[in-house]
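*Asks:* Let me begin by handing over the structure; questions about it come next.
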Amino acid sequence: MNTDAVVTFAGVGKTYGTVKAVDDLSLELYPGQTVALLGPNGAGKSTSLDLLLGLRPADTGTVRVFGASPREAIVAGRVGAMLQSGGLMDEVTVGELVRLTCDLHPRAYPVGDVLSRAGITQIADRKVNKLSGGQEQRVRFAMATAGDSDLIVLDEPTTGMDVSARQAFWATMREQADQGRTVLFATHYLEEADAIADRVLVLHRGRLLADGTAAEIKAKAGARRVSFDLEGAIDEQAMRSLPFLTTIDVSGQTVRLQSTDADATVHALYGLGVYPRNLEVAGLGLEQAFVAITAAEDAASAPSTQTAQEAMAQ
Ligand SMILES: Nc1ncnc2c1ncn2[C@@H]1O[C@H](COP(=O)(O)OP(=O)(O)OP(=O)(O)O)[C@@H](O)[C@H]1O
């Protein structure tokens with residue numbers, strides 16, 4: 001086990017009945033990393049965060065946070081968390097709730113700073129049960145950043161936030177990471193992961209499918225996007241016979257395709273005697289890469305019905 005690690009999962013498993021929510025998960029997070037946890041619904045993201053926060057015990061393996069148990073790390077004030085649901089006391093005001101959270105944090109910031117950073121100073125006197133969804137998220141954000149924690153754990157933090165709240169939120173998280181804190185967030189917004197995270201973890205059926213920078217995850221998906229325009233009638237059958245295609249779409253004079261070997265596909269295209277204009281070759285976006293990687297895994301675990309290559313092509 002690396003002693004510098006902020007978080008260590010070693011062979012961690014969690015099963016609910018017959019569902020393996022987390023399956024033999026091993027990983028380490030380091031100081032200053034901003035890590036996005038991606039995965040389809042039910043992939044095990046929230047369960048993994050619950051295990052990391054000691055809210056549920058692991059069935060197998062060990063979870064360590066700053067070399068201690070999750071509970072010890074939290075009691076020491078080293079972890080701030082923003083979870084998806086629950087946890088807000090309805091009958092108190094926003095200001096009272098944030099004050100209480102600060103009172104409980106061993107290394108709390110002044111309440112006024114916490115309110116203003118989360119953009120909720122104006123609603124400090126409002127009852128928590130009168131808040132909109134986005135305002136509730138801001139309150140959760142305030143609670144997660146109430147003190148000087150070394151690790152900030154966020155489960156789908158920007159769901160329901162408007163554009164300005166999101167921008168303010170991520171600006172704050174960037175500051176936190178720049179100061180050496182580790183930020184781990186689960187999200188379904190892949191553009192946020194692409195823009196914010198310096199490390200992306202792709203979880204699927206409780207297992208870690210990919211771990212790297214967004215660029216590495218895109219490269220792992222293997223395919224590239226090619227688009228071009230053709231003049232005159234397009235011979236769709238000839239286009240579909242191009243080598244290394246995974247998908248192709250012909251719309252008007254424009255052809256858009258994905259290829260696992262774009263150089264060979266373009267070479268063959270010229271071999272058809274056509275003259276493509278506005279030819280562009282680009283990598284997959286993170287969203288397309290994510291879909292390709294998880295679909296390929298689905299296909300690999302159901303080999304009788306679909307090949308991985310077919311899944312990549314969908
Ligand atoms: N308390 C529970 N009891 C039984 N099954 C559960 C429980 N919590 C989660 N599961 C199951 O474990 C699996 C992983 O769920 P989890 O909530 O961790 O996924 P997730 O990646 O966070 O999903 P989402 O993106 O939909 O929030 C799912 O199949 C889910 O149905």
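Identifiers for the structure tokens are assigned positionally: chains receive A, B, ... in sequence, residues are indexed from 1 per chain, and ligands are indexed from 1 in the order shown.
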Residues contacting ligand 1 - anything with an atom at most 6 Å away, using only C-alpha atoms and all ligand atoms - can you give me those as a PyMOL selection string?

*Replies:* chain A and resi 16+19+21+39-47

*Asks:* Grab the residues selected above and save them as an mmCIF file, in the first residue's frame with C-alpha atoms.

*Replies:*
```cif
data_model
loop_
_atom_site.group_PDB
_atom_site.id
_atom_site.type_symbol
_atom_site.label_atom_id
_atom_site.label_comp_id
_atom_site.auth_asym_id
_atom_site.auth_seq_id
_atom_site.Cartn_x
_atom_site.Cartn_y
_atom_site.Cartn_z
ATOM 1 C CA TYR A 16 -26.681 -6.595 -2.236
ATOM 2 C CA VAL A 19 -26.234 -7.794 -7.181
ATOM 3 C CA ALA A 21 -22.613 -3.434 -6.631
ATOM 4 C CA GLY A 39 -20.500 4.903 -15.039
ATOM 5 C CA PRO A 40 -23.982 4.073 -16.272
ATOM 6 C CA ASN A 41 -26.920 3.930 -13.847
ATOM 7 C CA GLY A 42 -26.335 1.172 -11.320
ATOM 8 C CA ALA A 43 -22.583 0.969 -12.057
ATOM 9 C CA GLY A 44 -21.728 1.186 -8.365
ATOM 10 C CA LYS A 45 -20.618 4.812 -8.113
ATOM 11 C CA SER A 46 -22.730 5.780 -5.091
ATOM 12 C CA THR A 47 -21.977 2.494 -3.357
#
```

*Asks:* Near Arg225 of chain A, counting only C-alpha atoms, which residues have an atom at most 6 Å away, once you skip same-chain residues fewer than 6 positions from it, shown as an NGL selection string?

*Replies:* :A and (257-258 or 281-283)

*Asks:* Would you save the residues of that selection, restricted to C-alpha atoms, as a CSV table (one decimal), in the first residue's frame?

*Replies:*
```
chain,number,residue,atom,x,y,z
A,257,LEU,CA,-18.2,7.6,-39.8
A,258,GLN,CA,-16.2,6.1,-37.0
A,281,VAL,CA,-10.4,13.3,-38.7
A,282,ALA,CA,-10.9,13.7,-35.0
A,283,GLY,CA,-10.7,11.6,-31.8
```

*Asks:* Which residues in segment 136-274 of chain A does DSSP call strand (DSSP E or B)? List them as an MDAnalysis selection string.

*Replies:* chainID A and resid 147 151:155 182:186 199:204 207:212 224:229 245:251 254:259

*Asks:* Measuring between only C-alpha atoms, which one of A:Thr8, A:Thr294, A:Thr254, A:Thr101 shows the shortest distance to Glu231 of chain A?

*Replies:*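 Closest candidate: A:Thr254.
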
*Asks:* Between atom CA of His188 of chain A and atom CA of Thr213 of chain A, what is the distance, to one decimal in Å?

*Replies:* 16.8 Å

*Asks:* Pick out the closest residue to Ile234 of chain A from this set: A:Gln253, A:Glu216, A:Arg64, A:Ile248. Count only C-alpha atoms.

*Replies:*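 Once distances to Ile234 of chain A are computed over only C-alpha atoms, the minimum belongs to A:Gln253.
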
*Asks:* One decimal, in Å: what's the spacing between atom CA of Asp150 of chain A and atom CA of Leu131 of chain A?

*Replies:*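 Taking atom CA of Asp150 of chain A as the start and atom CA of Leu131 of chain A as the end point, the length is 29.0 Å.
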
*Asks:* Between atom CA of Ala5 of chain A and atom CA of Val202 of chain A, what is the spacing in Å?

*Replies:*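 Going from atom CA of Val202 of chain A over to atom CA of Ala5 of chain A, I get 19.6 Å.
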
*Asks:* Which is closest to Leu209 of chain A among A:Ile74, A:Val12, A:Leu245, A:Val291, if we use only C-alpha atoms?

*Replies:*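 Selected residue with least distance to Leu209 of chain A: A:Val291.
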
*Asks:* Write out as a PyMOL selection string all residues of segment 2-161 of chain A that backbone DSSP assigns to helix (DSSP H, G or I).

*Replies:* chain A and resi 45-52+70-75+94-104+111-117+121-123+128-130+133-144
